[in-house]
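Peer 1: The following file, data-v2.pdb, comprises PDB, C-alpha atoms:
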ATOM      1  CA  VAL A   1      19.578  14.277  66.491
ATOM      2  CA  GLN A   2      16.885  15.576  64.208
ATOM      3  CA  LEU A   3      15.036  18.880  64.116
ATOM      4  CA  GLN A   4      12.047  18.667  61.805
ATOM      5  CA  ALA A   5      10.548  21.998  60.819
ATOM      6  CA  SER A   6       7.077  22.376  59.368
ATOM      7  CA  GLY A   7       4.368  24.925  58.733
ATOM      8  CA  GLY A   8       5.899  27.314  56.255
ATOM      9  CA  GLY A   9       4.001  28.631  53.289
ATOM     10  CA  THR A  10       2.864  31.706  51.428
ATOM     11  CA  VAL A  11       0.766  34.447  52.940
ATOM     12  CA  GLN A  12      -0.198  37.983  52.054
ATOM     13  CA  ALA A  13       1.298  40.918  53.901
ATOM     14  CA  GLY A  14      -0.463  41.430  57.192
ATOM     15  CA  GLY A  15      -1.283  37.769  57.524
ATOM     16  CA  SER A  16      -0.132  35.129  59.970
ATOM     17  CA  LEU A  17       1.738  31.846  59.880
ATOM     18  CA  ARG A  18       2.870  29.386  62.500
ATOM     19  CA  VAL A  19       5.981  27.297  62.023
ATOM     20  CA  SER A  20       6.948  24.435  64.287
ATOM     21  CA  CYS A  21       9.988  22.317  64.946
ATOM     22  CA  GLU A  22       9.941  18.879  66.505
ATOM     23  CA  ALA A  23      13.160  17.589  68.023
ATOM     24  CA  SER A  24      14.214  13.990  68.430
ATOM     25  CA  GLY A  25      17.330  12.208  69.564
ATOM     26  CA  LEU A  26      18.204  14.682  72.279
ATOM     27  CA  THR A  27      17.162  15.635  75.808
ATOM     28  CA  PHE A  28      15.048  18.566  74.746
ATOM     29  CA  ARG A  29      14.838  20.292  78.133
ATOM     30  CA  ASN A  30      18.636  20.685  78.122
ATOM     31  CA  TYR A  31      18.522  22.872  75.035
ATOM     32  CA  GLY A  32      17.757  26.474  74.438
ATOM     33  CA  MET A  33      15.972  26.826  71.114
ATOM     34  CA  GLY A  34      16.199  29.512  68.488
ATOM     35  CA  TRP A  35      14.792  30.484  65.146
ATOM     36  CA  LEU A  36      17.019  32.076  62.549
ATOM     37  CA  ARG A  37      16.184  32.974  58.966
ATOM     38  CA  GLN A  38      17.945  33.467  55.689
ATOM     39  CA  ALA A  39      16.619  35.512  52.820
ATOM     40  CA  PRO A  40      17.963  35.091  49.264
ATOM     41  CA  GLY A  41      21.335  36.750  48.890
ATOM     42  CA  LYS A  42      21.585  37.575  52.569
ATOM     43  CA  GLU A  43      23.331  36.096  55.555
ATOM     44  CA  ARG A  44      21.448  34.044  58.097
ATOM     45  CA  GLU A  45      20.056  36.268  60.822
ATOM     46  CA  PHE A  46      18.752  35.742  64.313
ATOM     47  CA  VAL A  47      15.006  35.978  64.860
ATOM     48  CA  THR A  48      14.197  34.759  68.356
ATOM     49  CA  ALA A  49      15.233  32.374  71.122
ATOM     50  CA  ILE A  50      13.660  30.718  74.124
ATOM     51  CA  SER A  51      15.169  29.313  77.303
ATOM     52  CA  TRP A  52      15.062  25.635  78.173
ATOM     53  CA  SER A  53      12.064  26.132  80.433
ATOM     54  CA  GLY A  54      10.217  28.493  78.133
ATOM     55  CA  GLY A  55      10.230  31.104  80.854
ATOM     56  CA  SER A  56      12.448  33.552  79.004
ATOM     57  CA  THR A  57      12.325  34.713  75.424
ATOM     58  CA  TYR A  58      14.291  37.160  73.300
ATOM     59  CA  TYR A  59      13.500  38.758  69.951
ATOM     60  CA  ALA A  60      15.281  40.634  67.236
ATOM     61  CA  ASN A  61      14.036  44.196  67.004
ATOM     62  CA  SER A  62      12.706  43.549  63.515
ATOM     63  CA  VAL A  63      10.138  41.017  64.781
ATOM     64  CA  LYS A  64       9.464  42.200  68.312
ATOM     65  CA  GLY A  65       5.751  42.597  68.953
ATOM     66  CA  ARG A  66       4.824  40.557  65.877
ATOM     67  CA  PHE A  67       6.409  37.141  66.483
ATOM     68  CA  THR A  68       6.015  34.847  69.476
ATOM     69  CA  ILE A  69       8.190  31.867  70.292
ATOM     70  CA  SER A  70       6.961  29.088  72.570
ATOM     71  CA  ARG A  71       7.907  25.531  73.429
ATOM     72  CA  ASP A  72       6.276  22.376  74.701
ATOM     73  CA  ASN A  73       8.862  20.240  76.461
ATOM     74  CA  ALA A  74       6.409  17.352  76.790
ATOM     75  CA  LYS A  75       6.213  17.181  72.982
ATOM     76  CA  ASN A  76       9.804  18.208  72.207
ATOM     77  CA  THR A  77       8.449  21.004  70.072
ATOM     78  CA  VAL A  78       9.109  24.687  69.583
ATOM     79  CA  HIS A  79       6.728  26.999  67.763
ATOM     80  CA  LEU A  80       7.024  30.363  66.104
ATOM     81  CA  GLN A  81       3.806  32.322  65.690
ATOM     82  CA  MET A  82       4.249  35.081  63.128
ATOM     83  CA  ASN A  83       1.667  37.842  62.888
ATOM     84  CA  SER A  84       1.485  41.044  60.869
ATOM     85  CA  LEU A  85       3.870  39.552  58.369
ATOM     86  CA  LYS A  86       5.770  41.817  56.007
ATOM     87  CA  PRO A  87       7.383  41.068  52.634
ATOM     88  CA  GLU A  88      10.774  41.535  54.298
ATOM     89  CA  ASP A  89      10.003  38.533  56.516
ATOM     90  CA  THR A  90      10.308  36.309  53.442
ATOM     91  CA  ALA A  91      13.066  33.784  54.125
ATOM     92  CA  VAL A  92      13.858  30.202  54.939
ATOM     93  CA  TYR A  93      13.289  29.790  58.655
ATOM     94  CA  TYR A  94      15.546  27.440  60.585
ATOM     95  CA  CYS A  95      15.108  26.114  64.078
ATOM     96  CA  ALA A  96      18.280  25.518  66.037
ATOM     97  CA  ALA A  97      19.228  23.960  69.353
ATOM     98  CA  LYS A  98      21.884  25.083  71.825
ATOM     99  CA  LEU A  99      22.976  22.658  74.547
ATOM    100  CA  PHE A 100      23.059  24.211  78.014
ATOM    101  CA  PRO A 101      22.658  27.789  76.796
ATOM    102  CA  SER A 102      24.307  30.623  78.648
ATOM    103  CA  ARG A 103      22.373  32.332  81.411
ATOM    104  CA  ASP A 104      24.313  35.536  80.791
ATOM    105  CA  HIS A 105      23.516  36.230  77.176
ATOM    106  CA  TRP A 106      21.322  35.111  74.336
ATOM    107  CA  HIS A 107      22.813  33.188  71.443
ATOM    108  CA  GLU A 108      22.315  35.260  68.319
ATOM    109  CA  ASN A 109      25.123  33.919  66.147
ATOM    110  CA  SER A 110      24.578  30.931  63.892
ATOM    111  CA  ASP A 111      27.817  29.270  64.942
ATOM    112  CA  GLU A 112      26.706  29.143  68.566
ATOM    113  CA  TYR A 113      24.055  26.511  67.872
ATOM    114  CA  ASP A 114      24.715  22.788  68.018
ATOM    115  CA  TYR A 115      21.955  21.394  65.819
ATOM    116  CA  TRP A 116      19.851  22.707  62.948
ATOM    117  CA  GLY A 117      16.608  21.834  61.279
ATOM    118  CA  GLN A 118      16.280  21.632  57.527
ATOM    119  CA  GLY A 119      14.476  24.942  57.177
ATOM    120  CA  THR A 120      10.994  25.863  56.061
ATOM    121  CA  GLN A 121      10.156  28.515  53.470
ATOM    122  CA  VAL A 122       8.026  31.486  54.453
ATOM    123  CA  THR A 123       6.965  33.791  51.654
ATOM    124  CA  VAL A 124       5.061  37.010  52.270
ATOM    125  CA  SER A 125       3.549  38.632  49.213
ATOM    126  CA  SER A 126       2.831  42.329  49.000
TER     127      SER A 126
END
Kindly transcribe the structure held in the file into structure tokens.

Peer 2:
Amino acid sequence: VQLQASGGGTVQAGGSLRVSCEASGLTFRNYGMGWLRQAPGKEREFVTAISWSGGSTYYANSVKGRFTISRDNAKNTVHLQMNSLKPEDTAVYYCAAKLFPSRDHWHENSDEYDYWGQGTQVTVSS
């Protein structure tokens, strides 16, 4: 299984970035997908998740209204569109996959995910 993240970079505050994650070696439609991030000196934190179908999404309060997660099951890809970026959004962003995710709750803890991408750096300058 491989999750290949791409699209990170540096942007000024208020700008936008789109990061993507392409999965291989798994049956993508069986997995809920999430994005988590880790800033220097901080623990990894949940950002957003999407159901296997793409019909349901969930966001951390800190990004709600600014970030949008989407997926394309035909291309085994999940995207994270980030708008109105703030310096506090600076972090390494990781995509993660959860096999047969729960229908009762969203998976916000790192240890709930089965597979991880390598991470992509997002830097927001003030």

Peer 1: Identify which of the residues A:Tyr115, A:Tyr31, A:Phe100, A:Trp106 lies closest to Phe46 (chain A), counting only C-alpha atoms when measuring atom-to-atom distances.

Peer 2: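 Using only C-alpha atoms, the shortest distance to Phe46 (chain A) belongs to A:Trp106.
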
Peer 1: I'd like the interatomic distance between CA of Ser84 (chain A) and CA of Asp72 (chain A), to a tenth of an Å.

Peer 2: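 CA of Asp72 (chain A) lies at a distance of 23.7 Å from CA of Ser84 (chain A).
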
Peer 1: Please write the residues picked by the PyMOL selection byres ((chain A and resi 79-83) around 8) on this file as number ranges by chain.

Peer 2: A: 14-21, 35, 66-71, 77-78, 84-85

Peer 1: Tyr113 (chain A): which residues within 9 Å, counting all atoms listed in the file, same-chain residues fewer than 5 positions away excluded, as an mmCIF file with C-alpha atoms, keeping the file's coordinate frame?

Peer 2:
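Written file, selection_31.cif:
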data_model
loop_
_atom_site.group_PDB
_atom_site.id
_atom_site.type_symbol
_atom_site.label_atom_id
_atom_site.label_comp_id
_atom_site.auth_asym_id
_atom_site.auth_seq_id
_atom_site.Cartn_x
_atom_site.Cartn_y
_atom_site.Cartn_z
ATOM 1 C CA MET A 33 15.972 26.826 71.114
ATOM 2 C CA GLY A 34 16.199 29.512 68.488
ATOM 3 C CA ALA A 96 18.280 25.518 66.037
ATOM 4 C CA ALA A 97 19.228 23.960 69.353
ATOM 5 C CA LYS A 98 21.884 25.083 71.825
ATOM 6 C CA LEU A 99 22.976 22.658 74.547
ATOM 7 C CA HIS A 107 22.813 33.188 71.443
ATOM 8 C CA GLU A 108 22.315 35.260 68.319
#

Peer 1: On this structure, which residues satisfy the PyMOL selection byres ((chain A and resi 118) around 8), written as a list in words?

Peer 2: Leu3, Gln4, Ala5, Tyr94, Trp116, Gly117, Gly119 and Thr120 of chain A

Peer 1: Edge lengths and centre, in Å to one decimal, as AutoDock Vina command-line options: that's what I need for the box along x, y and z that holds all listed atoms of region 71-89 of chain A plus 4 Å on each side.

Peer 2:
--center_x 6.1 --center_y 29.5 --center_z 64.7 --size_x 17.3 --size_y 32.6 --size_z 32.2

Peer 1: Please determine, counting only C-alpha atoms, which residue among A:Gly32, A:Gly25, A:Pro40, A:Gly7 has the shortest atom-to-atom distance to Gly55 (chain A).

Peer 2: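 Result for the nearest residue to Gly55 (chain A): A:Gly32.
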
Peer 1: How about completing region 107-122 of chain A with N, CA and C atoms and giving it to me as a CSV table (one decimal), keeping the file's coordinate frame?

Peer 2:
chain,number,residue,atom,x,y,z
A,107,HIS,N,22.0,33.7,72.5
A,107,HIS,CA,22.8,33.2,71.4
A,107,HIS,C,22.2,33.7,70.1
A,108,GLU,N,22.8,34.7,69.5
A,108,GLU,CA,22.3,35.3,68.3
A,108,GLU,C,23.1,34.9,67.1
A,109,ASN,N,24.3,34.3,67.3
A,109,ASN,CA,25.1,33.9,66.1
A,109,ASN,C,24.9,32.5,65.7
A,110,SER,N,24.8,32.3,64.4
A,110,SER,CA,24.6,30.9,63.9
A,110,SER,C,25.5,29.9,64.4
A,111,ASP,N,26.8,30.3,64.6
A,111,ASP,CA,27.8,29.3,64.9
A,111,ASP,C,27.8,28.9,66.4
A,112,GLU,N,26.8,29.5,67.2
A,112,GLU,CA,26.7,29.1,68.6
A,112,GLU,C,25.8,27.9,68.8
A,113,TYR,N,25.0,27.6,67.7
A,113,TYR,CA,24.1,26.5,67.9
A,113,TYR,C,24.7,25.2,67.5
A,114,ASP,N,24.2,24.1,68.2
A,114,ASP,CA,24.7,22.8,68.0
A,114,ASP,C,24.0,22.0,66.9
A,115,TYR,N,22.7,22.2,66.8
A,115,TYR,CA,22.0,21.4,65.8
A,115,TYR,C,21.0,22.3,65.1
A,116,TRP,N,20.7,21.9,63.8
A,116,TRP,CA,19.9,22.7,62.9
A,116,TRP,C,18.8,21.8,62.3
A,117,GLY,N,17.6,22.5,62.1
A,117,GLY,CA,16.6,21.8,61.3
A,117,GLY,C,16.9,22.1,59.8
A,118,GLN,N,16.1,21.5,59.0
A,118,GLN,CA,16.3,21.6,57.5
A,118,GLN,C,15.8,22.9,56.9
A,119,GLY,N,15.0,23.7,57.7
A,119,GLY,CA,14.5,24.9,57.2
A,119,GLY,C,13.1,24.8,56.6
A,120,THR,N,12.3,25.8,56.7
A,120,THR,CA,11.0,25.9,56.1
A,120,THR,C,10.8,27.2,55.4
A,121,GLN,N,10.3,27.3,54.2
A,121,GLN,CA,10.2,28.5,53.5
A,121,GLN,C,8.9,29.3,53.9
A,122,VAL,N,9.1,30.6,54.2
A,122,VAL,CA,8.0,31.5,54.5
A,122,VAL,C,8.1,32.6,53.4
